[in-house]
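Engineer: A single structure is presented below for examination.
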Amino acid sequence: MNGEPWTVGRYIVALLAANGIDTVFGIPGVHNLELYRGIAATGLRHILVRHEQNAGFAADGFARVSGRPAAAFVISGPGLTNILTAAAQAKTDSVPMLIVASTPVESSLAKGWGVLHELDDQRAMAAGVVGTARSARSAQDARDHLREAFGSFQLGRQRPAYLEIPLDLLAQSTTLRPERFAHVGGSPQPTLAVIEQARDLLAAAQRPMIVAGGGARAAGAQLRKLAESLDAYLLTTVAGKGLLPQSHPANLGAALQFRAAQELVAQADVVLAIGTELSETDFYYGARLEMSGRLIRIDIDATKLADHYAADVGIWGDASASLDALLQVLAGPERARWRSELGPAAVHRARIDEQFNAGARTCARLLAAVRAAVPADAAVFTDMTQAAYLGNYAFAADAPGTWFHPSGYGTLGYALPAAIGALVAEPSRPVLALAGDYGFQFTSQELATAVELQLSLPVVIWNNSALGQIRDDMLAAGIAPTGVVGHNPDFVALARAYGAHAERPHGPAELTAAIQSARLRRGPTVLEAVETAFR
Ligand SMILES: Cc1ncc(C[n+]2csc(CCOP(=O)(O)OP(=O)(O)O)c2C)c(N)n1
Ligand SMILES: [Mg+2]
């Protein structure tokens with residue numbers, strides 16, 4: 001294979017390999033053949049998926065568990081439009097990936113000739129759902145754009161990057177050879193003055209509340225110290241779930257979706273928000289989280305410091321480094337504040353749990369059965385289903401990076417392909433997918449990929465025979481349920497047709513046992529959990 005000609009396509013793939021990409025998810029087509037010459041020549045691992053959206057979801061799951069970007073190769077036109085949803089999901093959840101697309105021949109671009117896979121402006125379509133979207137007109141362009149993309153993976157808030165190359169350029173020969181780009185690491189260092197302003201607010205606070213998001217995922221130790229020394233409560237977003245152990249007295253968990261937690265935020269006299277957008281997708285009541293206190297924000301994304309939650313003190317920096325700096329100047333006599341007065345987080349959590357309705361209690365039994373079946377370090381990938389909305393809060397997580405949800409964009413079909421990507425990245429990590437009966441059907445064809453790769457993957461389908469959340473929303477809004485019940489396939493038969501193992505465990509105990517067996521089996525296991533068996 002090394003006798004292959006150095007086409008631009010081969011060169012691009014060799015550049016990816018030289019810069020740490022080892023896995024490509026994709027579907028080849030006649031427009032990007034030259035990228036596949038590159039794959040053959042470099043030995044990069046290519047995973048064939050069954051829809052380009054799932055190449056994106058798989059790259060997303062790969063990055064969420066490993067912290068490393070994977071690539072997705074798509075063809076011009078429909079390949080690109082198919083992956084846009086997954087790119088948007090990754091962008092909104094700050095996940096890196098590299099999307100490489102072909103375009104039709106350069107001379108045809110934006111001319112409306114009606115060539116195969118034509119889009120009026122392919123780059124513009126991608127630009128709205130990635131961090132940087134670039135178009136190469138030469139091999140040098142491709143190199144420069146990729147250098148920029150790899151730089152973006154080392155700095156600041158993570159985003160997908162997009163590069164497109166016309167198919168005629170992909171086939172041209174080049175004298176360029178792969179190189180390893182210089183490392184461009186580092187993060188902004190907050191000044192002592194701004195750290196001291198934050199210290200002054202926190203030192204005077206009587207009701208301090210910490211809200212930590214995905215950007216704080218590496219700062220669990222610092223958060224624990226801070227919460228303890230300030231007698232503060234800590235809430236996390238879903239992306240920050242597990243930052244403190246479930247039982248820590250400060251840890252209210254990912255409870256922002258509940259009124260009781262929102263009221264504590266509203267009553268706090270100082271809110272310290274770290275690595276979070278304070279996004280509506282984390283609290284789901286109205287568009288804005290109510291606050292009456294002063295707001296300190298720590299964020300690697302400078303634009304967040306002055307957005308609609310404008311900070312009284314804005315710290316531009318990495319969460320761990322900024323918290324280290326804050327902890328250094330904070331040392332003073334510890335004193336009791338509101339947590340000593342109102343009681344540990346468990347008191348508030350019990351109040352939240354008491355208010356679960358019958359539907360939530362049913363979901364809670366499913367979640368407990370899953371929790372009992374997988375170890376603490378398992379990676380659970382979830383879909384847009386009522387079981388996961390409750391699980392965002394109620395699934396016990398003692399470590400960050402163990403519960404994954406398509407929070408930011410909220411797209412159906414995420415769980416299965418993302419779990420596949422996670423297992424490709426970390427084959428020895430226990431991974432599980434949890435999807436609703438409807439969401440599963442968005443991407444169920446990836447069972448073929450999981451069978452092909454012989455991935456030990458339990459796939460739990462929460463089958464309430466409905467678009468359950470939407471049905472309930474219609475009922476709550478006084479709308480006659482419409483379009484919320486469809487004909488479902490026989491999920492067990494469907495899974496078996498793909499060559500997967502499948503069962504329909506009856507109730508929590510059977511589900512726990514079935515997941516445990518599935519973890520020991522080569523190949524995926526579909527477990528249909530019928531809601532009525534969990535009531
Ligand atoms: C791509 C996409 N289309 C539509 C929706 C709107 N939506 C959110 S939840 C849901 C119902 C999903 O049903 P199911 O997967 O069975 O989960 P359940 O609510 O029943 O637990 C729908 C249609 C969405 N989030 N994403
Ligand atoms: Mg359903």
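Chain labels run A, B, ... following the order of the structure tokens; each chain numbers its residues from 1, and ligands are numbered from 1 in the order shown.
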Can you work out which residues are within 7 Å of ligand 1, considering only C-alpha atoms and all ligand atoms, and then hand them over as a list of chain:residue names?

Structural biologist: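 The residues near ligand 1 are A:Met384, A:Thr385, A:Gln386, A:Ala387, A:Gly410, A:Thr411, A:Leu412, A:Ala435, A:Gly436, A:Asp437, A:Tyr438, A:Gly439, A:Phe440, A:Trp462, A:Asn463, A:Asn464, A:Ser465, A:Ala466, A:Leu467, A:Gly468, A:Gln469, A:Ile470.
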
Engineer: Quick one: residues within 7 Å of Ala502 (chain A), only C-alpha atoms counted, chain neighbours fewer than 2 positions away excluded, as a ChimeraX atom specification?

Structural biologist: /A:492,495-496,500,525-527

Engineer: So which one's closest to Val374 (chain A), A:Arg134, A:Arg339, A:His31, A:Arg429? Using only C-alpha atoms, please.

Structural biologist: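 Closest to Val374 (chain A) of all the choices is A:Arg429.
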
Engineer: Which residues are near Ala268 (chain A)? Cut-off 8 Å, only C-alpha atoms, ignore same chain within fewer than 3 positions. Put them as a list of chain:residue names.

Structural biologist: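 Everything that qualifies: A:Arg207, A:Pro208, A:Met209, A:Leu264, A:Val265, A:Val271, A:Met291, A:Ser292, A:Gly293.
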
Engineer: Which one of A:Leu244, A:Leu202, A:Ala376, A:Val238 sits closest to Ile296 (chain A) if you count only C-alpha atoms?

Structural biologist: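 With only C-alpha atoms as the atom set, the closest residue is A:Leu202.
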
Engineer: If I take CA of Ala219 (chain A) and CA of Ser320 (chain A), how far is one from the other in Å, to one decimal?

Structural biologist: 4.8 Å

Engineer: List every residue of region 148-362 of chain A that DSSP, applied to the backbone of this structure, places in helix (DSSP H, G or I), and write the result as a VMD selection string.

Structural biologist: chain A and resid 148 to 152 167 to 171 192 to 204 214 to 216 220 to 230 259 to 267 280 to 282 302 to 306 319 to 330 338 to 342 345 to 354 358 to 362

Engineer: Choose the residue, out of A:Ala360, A:Val115, A:Ala40, A:Ala59, that has the smallest atom-to-atom separation from Ile99 (chain A); count only C-alpha atoms.

Structural biologist: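 The closest residue to Ile99 (chain A) is A:Ala59.
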
Engineer: List the spatial neighbours of Trp403 (chain A) as number ranges by chain - criterion: any atom at most 7 Å away, only C-alpha atoms, same-chain residues fewer than 3 positions off excluded.

Structural biologist: A: 379-381

Engineer: Looking at only C-alpha atoms, which of A:Ala86, A:Ile165, A:Ala336, A:Leu367 is the one that sits closest to Val460 (chain A)?

Structural biologist: A:Leu367

Engineer: Using only C-alpha atoms, determine which residues lie at most 10 Å from Lys304 (chain A), disregarding the query and same-chain residues fewer than 2 positions distant; provide the list as a PyMOL selection string.

Structural biologist: chain A and resi 275-278+297-302+306-311+314+316

Engineer: Take the selection from the previous step and output its residues with all heavy atoms, as a compact mmCIF listing (two decimals), in the first residue's frame.

Structural biologist:
# COMPACT_ATOMS: atom_id res chain seq x y z
N GLY A 275 -17.98 26.42 34.35
CA GLY A 275 -18.01 25.55 33.17
C GLY A 275 -19.41 25.16 32.77
O GLY A 275 -19.65 24.02 32.40
N THR A 276 -20.32 26.11 32.85
CA THR A 276 -21.70 25.84 32.43
C THR A 276 -22.28 27.06 31.74
O THR A 276 -22.00 28.19 32.12
CB THR A 276 -22.60 25.46 33.62
OG1 THR A 276 -23.97 25.43 33.17
CG2 THR A 276 -22.50 26.46 34.76
N GLU A 277 -23.10 26.78 30.72
CA GLU A 277 -23.82 27.86 30.02
C GLU A 277 -25.05 28.30 30.79
O GLU A 277 -25.72 29.22 30.37
CB GLU A 277 -24.35 27.34 28.68
CG GLU A 277 -23.34 27.09 27.64
CD GLU A 277 -24.02 26.83 26.30
OE1 GLU A 277 -24.68 25.79 26.16
OE2 GLU A 277 -23.89 27.66 25.41
N LEU A 278 -25.41 27.57 31.84
CA LEU A 278 -26.69 27.78 32.51
C LEU A 278 -27.80 27.68 31.46
O LEU A 278 -28.66 28.54 31.32
CB LEU A 278 -26.71 29.15 33.21
CG LEU A 278 -25.64 29.31 34.29
CD1 LEU A 278 -25.51 30.77 34.72
CD2 LEU A 278 -25.95 28.43 35.51
N ARG A 297 -18.83 33.78 37.54
CA ARG A 297 -18.74 32.72 36.54
C ARG A 297 -17.28 32.42 36.22
O ARG A 297 -16.46 33.34 36.12
CB ARG A 297 -19.48 33.11 35.25
CG ARG A 297 -20.97 33.27 35.46
CD ARG A 297 -21.70 33.51 34.16
NE ARG A 297 -21.74 32.30 33.32
CZ ARG A 297 -22.44 32.20 32.19
NH1 ARG A 297 -23.15 33.23 31.77
NH2 ARG A 297 -22.43 31.09 31.49
N ILE A 298 -16.99 31.13 36.07
CA ILE A 298 -15.68 30.70 35.59
C ILE A 298 -15.93 29.95 34.30
O ILE A 298 -16.71 28.99 34.27
CB ILE A 298 -15.00 29.75 36.61
CG1 ILE A 298 -14.79 30.47 37.95
CG2 ILE A 298 -13.68 29.22 36.05
CD1 ILE A 298 -14.21 29.57 39.05
N ASP A 299 -15.31 30.41 33.21
CA ASP A 299 -15.55 29.73 31.94
C ASP A 299 -14.35 29.88 31.02
O ASP A 299 -13.70 30.92 30.99
CB ASP A 299 -16.80 30.29 31.25
CG ASP A 299 -17.53 29.22 30.45
OD1 ASP A 299 -16.94 28.71 29.48
OD2 ASP A 299 -18.67 28.88 30.82
N ILE A 300 -14.08 28.81 30.29
CA ILE A 300 -12.99 28.82 29.31
C ILE A 300 -13.44 29.57 28.05
O ILE A 300 -12.62 30.02 27.25
CB ILE A 300 -12.59 27.36 28.96
CG1 ILE A 300 -11.26 27.29 28.25
CG2 ILE A 300 -13.64 26.66 28.14
CD1 ILE A 300 -10.09 27.26 29.16
N ASP A 301 -14.77 29.71 27.90
CA ASP A 301 -15.35 30.41 26.74
C ASP A 301 -15.68 31.83 27.19
O ASP A 301 -16.66 32.08 27.89
CB ASP A 301 -16.61 29.65 26.29
CG ASP A 301 -17.28 30.31 25.10
OD1 ASP A 301 -16.90 31.44 24.73
OD2 ASP A 301 -18.21 29.69 24.54
N ALA A 302 -14.85 32.77 26.76
CA ALA A 302 -14.97 34.15 27.25
C ALA A 302 -16.33 34.75 26.94
O ALA A 302 -16.84 35.58 27.70
CB ALA A 302 -13.87 35.01 26.63
N ALA A 306 -20.25 37.30 29.71
CA ALA A 306 -21.07 38.52 29.60
C ALA A 306 -22.33 38.24 28.79
O ALA A 306 -22.86 39.13 28.14
CB ALA A 306 -20.25 39.63 28.95
N ASP A 307 -22.84 37.02 28.83
CA ASP A 307 -24.07 36.71 28.07
C ASP A 307 -25.29 37.12 28.88
O ASP A 307 -25.22 38.03 29.72
CB ASP A 307 -24.08 35.23 27.63
CG ASP A 307 -24.22 34.27 28.81
OD1 ASP A 307 -24.41 34.72 29.95
OD2 ASP A 307 -24.14 33.04 28.58
N HIS A 308 -26.42 36.48 28.67
CA HIS A 308 -27.64 36.92 29.38
C HIS A 308 -27.59 36.59 30.87
O HIS A 308 -28.45 37.04 31.62
CB HIS A 308 -28.90 36.37 28.71
CG HIS A 308 -28.98 34.88 28.66
ND1 HIS A 308 -28.00 34.09 28.11
CD2 HIS A 308 -29.93 34.02 29.09
CE1 HIS A 308 -28.35 32.82 28.21
NE2 HIS A 308 -29.50 32.75 28.81
N TYR A 309 -26.60 35.79 31.30
CA TYR A 309 -26.30 35.68 32.74
C TYR A 309 -25.00 36.43 32.98
O TYR A 309 -23.97 35.83 33.33
CB TYR A 309 -26.14 34.22 33.14
CG TYR A 309 -27.41 33.41 33.09
CD1 TYR A 309 -27.71 32.60 31.99
CD2 TYR A 309 -28.31 33.43 34.15
CE1 TYR A 309 -28.87 31.85 31.95
CE2 TYR A 309 -29.47 32.66 34.11
CZ TYR A 309 -29.75 31.89 33.00
OH TYR A 309 -30.90 31.13 32.97
N ALA A 310 -25.01 37.72 32.76
CA ALA A 310 -23.78 38.50 32.87
C ALA A 310 -23.21 38.36 34.28
O ALA A 310 -23.92 38.49 35.28
CB ALA A 310 -24.08 39.96 32.58
N ALA A 311 -21.92 38.06 34.36
CA ALA A 311 -21.29 37.83 35.66
C ALA A 311 -20.99 39.15 36.36
O ALA A 311 -20.60 40.12 35.73
CB ALA A 311 -19.99 37.05 35.44
N GLY A 314 -16.39 37.88 36.43
CA GLY A 314 -16.20 36.90 35.36
C GLY A 314 -14.75 36.44 35.31
O GLY A 314 -13.85 37.25 35.16
N TRP A 316 -12.15 34.29 33.35
CA TRP A 316 -11.89 33.60 32.08
C TRP A 316 -10.76 32.61 32.32
O TRP A 316 -9.61 33.03 32.50
CB TRP A 316 -11.51 34.62 31.01
CG TRP A 316 -11.27 34.02 29.66
CD1 TRP A 316 -11.88 32.93 29.13
CD2 TRP A 316 -10.35 34.51 28.67
NE1 TRP A 316 -11.41 32.70 27.87
CE2 TRP A 316 -10.47 33.65 27.56
CE3 TRP A 316 -9.46 35.58 28.63
CZ2 TRP A 316 -9.71 33.83 26.41
CZ3 TRP A 316 -8.71 35.76 27.48
CH2 TRP A 316 -8.84 34.89 26.38

Engineer: Give me the residues near Ile274 (chain A) as a PyMOL selection string, where near means some atom within 8 Å (using only C-alpha atoms) and where sequence neighbours in that chain fewer than 6 positions away do not count.

Structural biologist: chain A and resi 210-213+215-216+297-299+319

Engineer: Go ahead and save the residues from that selection, with all heavy atoms, as a PDB file, in the first residue's frame.

Structural biologist:
ATOM      1  N   ILE A 210     -22.980  26.583  44.430  1.00  0.00           N
ATOM      2  CA  ILE A 210     -22.078  26.299  43.315  1.00  0.00           C
ATOM      3  C   ILE A 210     -22.863  25.532  42.253  1.00  0.00           C
ATOM      4  O   ILE A 210     -23.572  24.574  42.581  1.00  0.00           O
ATOM      5  CB  ILE A 210     -20.869  25.444  43.776  1.00  0.00           C
ATOM      6  CG1 ILE A 210     -20.138  26.161  44.925  1.00  0.00           C
ATOM      7  CG2 ILE A 210     -19.924  25.161  42.619  1.00  0.00           C
ATOM      8  CD1 ILE A 210     -19.080  25.291  45.602  1.00  0.00           C
ATOM      9  N   VAL A 211     -22.757  25.969  41.005  1.00  0.00           N
ATOM     10  CA  VAL A 211     -23.376  25.240  39.891  1.00  0.00           C
ATOM     11  C   VAL A 211     -22.250  24.847  38.939  1.00  0.00           C
ATOM     12  O   VAL A 211     -21.564  25.712  38.389  1.00  0.00           O
ATOM     13  CB  VAL A 211     -24.423  26.097  39.141  1.00  0.00           C
ATOM     14  CG1 VAL A 211     -25.057  25.286  38.010  1.00  0.00           C
ATOM     15  CG2 VAL A 211     -25.494  26.616  40.093  1.00  0.00           C
ATOM     16  N   ALA A 212     -22.034  23.547  38.770  1.00  0.00           N
ATOM     17  CA  ALA A 212     -20.902  23.085  37.961  1.00  0.00           C
ATOM     18  C   ALA A 212     -21.385  22.309  36.744  1.00  0.00           C
ATOM     19  O   ALA A 212     -22.263  21.447  36.846  1.00  0.00           O
ATOM     20  CB  ALA A 212     -19.986  22.203  38.812  1.00  0.00           C
ATOM     21  N   GLY A 213     -20.811  22.622  35.597  1.00  0.00           N
ATOM     22  CA  GLY A 213     -21.210  21.963  34.352  1.00  0.00           C
ATOM     23  C   GLY A 213     -20.112  21.087  33.793  1.00  0.00           C
ATOM     24  O   GLY A 213     -19.113  20.780  34.467  1.00  0.00           O
ATOM     25  N   GLY A 215     -17.814  21.701  31.834  1.00  0.00           N
ATOM     26  CA  GLY A 215     -16.498  22.344  31.813  1.00  0.00           C
ATOM     27  C   GLY A 215     -15.718  22.144  33.102  1.00  0.00           C
ATOM     28  O   GLY A 215     -14.523  22.427  33.158  1.00  0.00           O
ATOM     29  N   ALA A 216     -16.401  21.672  34.148  1.00  0.00           N
ATOM     30  CA  ALA A 216     -15.731  21.455  35.444  1.00  0.00           C
ATOM     31  C   ALA A 216     -15.420  19.984  35.667  1.00  0.00           C
ATOM     32  O   ALA A 216     -15.058  19.571  36.770  1.00  0.00           O
ATOM     33  CB  ALA A 216     -16.624  21.983  36.572  1.00  0.00           C
ATOM     34  N   ARG A 297     -18.835  33.783  37.542  1.00  0.00           N
ATOM     35  CA  ARG A 297     -18.740  32.722  36.535  1.00  0.00           C
ATOM     36  C   ARG A 297     -17.283  32.425  36.221  1.00  0.00           C
ATOM     37  O   ARG A 297     -16.461  33.345  36.122  1.00  0.00           O
ATOM     38  CB  ARG A 297     -19.476  33.112  35.246  1.00  0.00           C
ATOM     39  CG  ARG A 297     -20.966  33.273  35.461  1.00  0.00           C
ATOM     40  CD  ARG A 297     -21.703  33.507  34.159  1.00  0.00           C
ATOM     41  NE  ARG A 297     -21.743  32.298  33.324  1.00  0.00           N
ATOM     42  CZ  ARG A 297     -22.439  32.204  32.195  1.00  0.00           C
ATOM     43  NH1 ARG A 297     -23.153  33.234  31.773  1.00  0.00           N
ATOM     44  NH2 ARG A 297     -22.429  31.085  31.493  1.00  0.00           N
ATOM     45  N   ILE A 298     -16.992  31.135  36.065  1.00  0.00           N
ATOM     46  CA  ILE A 298     -15.681  30.697  35.593  1.00  0.00           C
ATOM     47  C   ILE A 298     -15.931  29.953  34.296  1.00  0.00           C
ATOM     48  O   ILE A 298     -16.709  28.987  34.274  1.00  0.00           O
ATOM     49  CB  ILE A 298     -15.000  29.752  36.613  1.00  0.00           C
ATOM     50  CG1 ILE A 298     -14.793  30.469  37.948  1.00  0.00           C
ATOM     51  CG2 ILE A 298     -13.678  29.224  36.051  1.00  0.00           C
ATOM     52  CD1 ILE A 298     -14.208  29.575  39.046  1.00  0.00           C
ATOM     53  N   ASP A 299     -15.306  30.412  33.209  1.00  0.00           N
ATOM     54  CA  ASP A 299     -15.549  29.732  31.938  1.00  0.00           C
ATOM     55  C   ASP A 299     -14.349  29.877  31.024  1.00  0.00           C
ATOM     56  O   ASP A 299     -13.704  30.924  30.987  1.00  0.00           O
ATOM     57  CB  ASP A 299     -16.802  30.288  31.249  1.00  0.00           C
ATOM     58  CG  ASP A 299     -17.528  29.218  30.451  1.00  0.00           C
ATOM     59  OD1 ASP A 299     -16.944  28.707  29.479  1.00  0.00           O
ATOM     60  OD2 ASP A 299     -18.668  28.877  30.824  1.00  0.00           O
ATOM     61  N   ALA A 319     -11.359  25.512  34.525  1.00  0.00           N
ATOM     62  CA  ALA A 319     -12.032  25.340  35.820  1.00  0.00           C
ATOM     63  C   ALA A 319     -11.051  24.959  36.931  1.00  0.00           C
ATOM     64  O   ALA A 319     -11.047  25.586  37.999  1.00  0.00           O
ATOM     65  CB  ALA A 319     -13.129  24.282  35.695  1.00  0.00           C
TER      66      ALA A 319
END

Engineer: With distances taken over only C-alpha atoms and all ligand atoms, which residue among A:Leu330, A:Cys363, A:Ala518, A:Ala513 lies nearest ligand 2?

Structural biologist: A:Cys363

Engineer: So which residues of region 86-303 of chain A fall under strand (DSSP E or B) by DSSP, listed as a PyMOL selection string?

Structural biologist: chain A and resi 97-103+132-135+160-166+173+208-212+233-236+251-253+270-274+294-299

Engineer: Counting only C-alpha atoms and all ligand atoms, which of A:Ile27, A:Leu48, A:Ala497, A:Leu434 gets nearest to ligand 2?

Structural biologist: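 Counting only C-alpha atoms and all ligand atoms, the residue closest to ligand 2 is A:Leu434.
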
Engineer: Compile the contact shell of His405 (chain A) as a compact mmCIF listing (two decimals) with N, CA and C atoms, in the first residue's frame: residues with an atom at most 12 Å away, counting only C-alpha atoms, same-chain residues fewer than 2 positions apart removed.

Structural biologist:
# COMPACT_ATOMS: atom_id res chain seq x y z
N PHE A 57 -22.72 10.63 15.61
CA PHE A 57 -23.02 10.23 17.00
C PHE A 57 -21.92 9.32 17.55
N ASP A 60 -19.00 11.26 18.46
CA ASP A 60 -19.35 11.98 19.69
C ASP A 60 -19.14 11.08 20.92
N GLY A 61 -19.67 9.87 20.86
CA GLY A 61 -19.50 8.95 22.00
C GLY A 61 -18.03 8.61 22.21
N ARG A 64 -16.54 11.58 23.95
CA ARG A 64 -17.01 11.82 25.33
C ARG A 64 -16.34 10.89 26.32
N GLN A 89 -25.45 18.33 17.69
CA GLN A 89 -25.46 17.73 19.04
C GLN A 89 -24.09 17.90 19.69
N ALA A 90 -23.04 17.61 18.93
CA ALA A 90 -21.69 17.72 19.49
C ALA A 90 -21.35 19.17 19.79
N THR A 92 -23.37 21.65 20.62
CA THR A 92 -24.08 22.18 21.78
C THR A 92 -23.59 21.53 23.08
N ASP A 93 -23.00 20.34 23.00
CA ASP A 93 -22.47 19.70 24.20
C ASP A 93 -20.95 19.79 24.29
N GLY A 214 -20.27 20.70 32.55
CA GLY A 214 -19.32 19.81 31.90
C GLY A 214 -17.91 20.39 31.85
N THR A 237 -24.98 20.45 36.32
CA THR A 237 -25.80 20.21 35.13
C THR A 237 -25.69 18.72 34.82
N VAL A 238 -26.37 18.27 33.78
CA VAL A 238 -26.30 16.85 33.43
C VAL A 238 -24.87 16.50 33.00
N ALA A 239 -24.22 17.41 32.28
CA ALA A 239 -22.84 17.14 31.84
C ALA A 239 -21.86 17.09 33.02
N GLY A 240 -22.25 17.70 34.14
CA GLY A 240 -21.38 17.68 35.32
C GLY A 240 -21.78 16.61 36.33
N LYS A 241 -22.74 15.79 35.95
CA LYS A 241 -23.27 14.77 36.87
C LYS A 241 -22.14 13.90 37.42
N THR A 281 -31.64 23.82 28.71
CA THR A 281 -31.77 22.36 28.63
C THR A 281 -31.36 21.69 29.94
N ASP A 282 -30.89 22.45 30.90
CA ASP A 282 -30.58 21.87 32.20
C ASP A 282 -31.66 22.13 33.24
N ALA A 379 -20.11 3.44 31.42
CA ALA A 379 -20.57 4.61 30.67
C ALA A 379 -21.97 4.30 30.15
N VAL A 380 -22.94 5.07 30.62
CA VAL A 380 -24.32 4.84 30.21
C VAL A 380 -24.72 5.93 29.22
N PHE A 381 -25.06 5.52 28.01
CA PHE A 381 -25.45 6.47 26.96
C PHE A 381 -26.97 6.45 26.83
N THR A 382 -27.56 7.62 26.91
CA THR A 382 -29.02 7.69 26.98
C THR A 382 -29.59 8.50 25.83
N ASP A 383 -30.87 8.28 25.58
CA ASP A 383 -31.58 8.93 24.49
C ASP A 383 -32.58 9.93 25.08
N MET A 384 -33.38 10.51 24.22
CA MET A 384 -34.42 11.42 24.68
C MET A 384 -35.65 10.58 25.06
N THR A 385 -35.63 10.08 26.29
CA THR A 385 -36.75 9.26 26.78
C THR A 385 -37.05 9.66 28.21
N GLN A 386 -38.27 9.44 28.63
CA GLN A 386 -38.66 9.82 29.99
C GLN A 386 -37.76 9.16 31.02
N ALA A 387 -37.32 7.92 30.72
CA ALA A 387 -36.44 7.24 31.68
C ALA A 387 -35.14 8.02 31.85
N ALA A 388 -34.63 8.58 30.76
CA ALA A 388 -33.37 9.33 30.86
C ALA A 388 -33.58 10.71 31.48
N TYR A 389 -34.72 11.35 31.20
CA TYR A 389 -34.95 12.67 31.83
C TYR A 389 -34.92 12.52 33.35
N LEU A 390 -35.56 11.46 33.83
CA LEU A 390 -35.52 11.24 35.27
C LEU A 390 -34.10 10.82 35.69
N GLY A 391 -33.50 9.95 34.88
CA GLY A 391 -32.16 9.46 35.18
C GLY A 391 -31.12 10.57 35.22
N ASN A 392 -31.34 11.63 34.45
CA ASN A 392 -30.41 12.76 34.50
C ASN A 392 -30.19 13.19 35.96
N TYR A 393 -31.24 13.06 36.74
CA TYR A 393 -31.13 13.36 38.16
C TYR A 393 -31.00 12.09 39.00
N PHE A 395 -30.43 8.72 38.39
CA PHE A 395 -29.47 7.63 38.23
C PHE A 395 -28.24 7.97 39.07
N GLY A 401 -18.48 11.76 33.99
CA GLY A 401 -18.19 11.05 32.75
C GLY A 401 -18.69 9.62 32.75
N THR A 402 -19.81 9.38 33.43
CA THR A 402 -20.36 8.02 33.43
C THR A 402 -21.81 7.99 32.93
N TRP A 403 -22.43 9.13 32.82
CA TRP A 403 -23.82 9.21 32.35
C TRP A 403 -23.83 10.23 31.22
N SER A 407 -27.94 16.36 25.82
CA SER A 407 -28.61 17.47 26.50
C SER A 407 -28.83 18.68 25.61
N GLY A 408 -27.75 19.17 25.02
CA GLY A 408 -27.81 20.49 24.41
C GLY A 408 -28.75 20.57 23.22
N TYR A 409 -28.72 19.60 22.34
CA TYR A 409 -29.53 19.66 21.12
C TYR A 409 -30.79 18.82 21.27
N GLY A 410 -30.70 17.81 22.15
CA GLY A 410 -31.89 17.02 22.47
C GLY A 410 -32.41 16.20 21.31
N THR A 411 -31.52 15.52 20.61
CA THR A 411 -32.00 14.77 19.46
C THR A 411 -32.24 13.30 19.76
N LEU A 412 -33.31 12.78 19.22
CA LEU A 412 -33.61 11.36 19.33
C LEU A 412 -32.60 10.55 18.51
N GLY A 413 -32.32 9.33 18.97
CA GLY A 413 -31.48 8.42 18.21
C GLY A 413 -30.02 8.44 18.61
N TYR A 414 -29.69 9.18 19.65
CA TYR A 414 -28.29 9.36 20.03
C TYR A 414 -27.69 8.12 20.69
N ALA A 415 -28.44 7.47 21.56
CA ALA A 415 -27.84 6.53 22.52
C ALA A 415 -27.08 5.38 21.86
N LEU A 416 -27.70 4.67 20.94
CA LEU A 416 -27.06 3.46 20.40
C LEU A 416 -25.78 3.78 19.63
N ALA A 418 -23.87 6.39 19.75
CA ALA A 418 -22.86 7.00 20.64
C ALA A 418 -22.21 5.93 21.51
N ALA A 419 -23.03 4.97 21.99
CA ALA A 419 -22.47 3.89 22.81
C ALA A 419 -21.51 3.04 21.98
N ALA A 433 -26.47 1.24 26.51
CA ALA A 433 -27.32 2.24 25.84
C ALA A 433 -28.74 2.10 26.37
N LEU A 434 -29.39 3.23 26.57
CA LEU A 434 -30.77 3.26 27.05
C LEU A 434 -31.57 4.21 26.17
N ALA A 435 -32.58 3.68 25.49
CA ALA A 435 -33.38 4.51 24.58
C ALA A 435 -34.85 4.18 24.75

Engineer: To one decimal place in Å, what is the distance between CA of Leu16 (chain A) and CA of Ser152 (chain A)?

Structural biologist: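 According to the coordinates, CA of Leu16 (chain A) and CA of Ser152 (chain A) are separated by 14.1 Å.
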
Engineer: Tell me, in Å to one decimal, how far CA of Ala369 (chain A) is from CA of Pro508 (chain A).

Structural biologist: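 For CA of Ala369 (chain A) relative to CA of Pro508 (chain A), the distance reads 5.1 Å.
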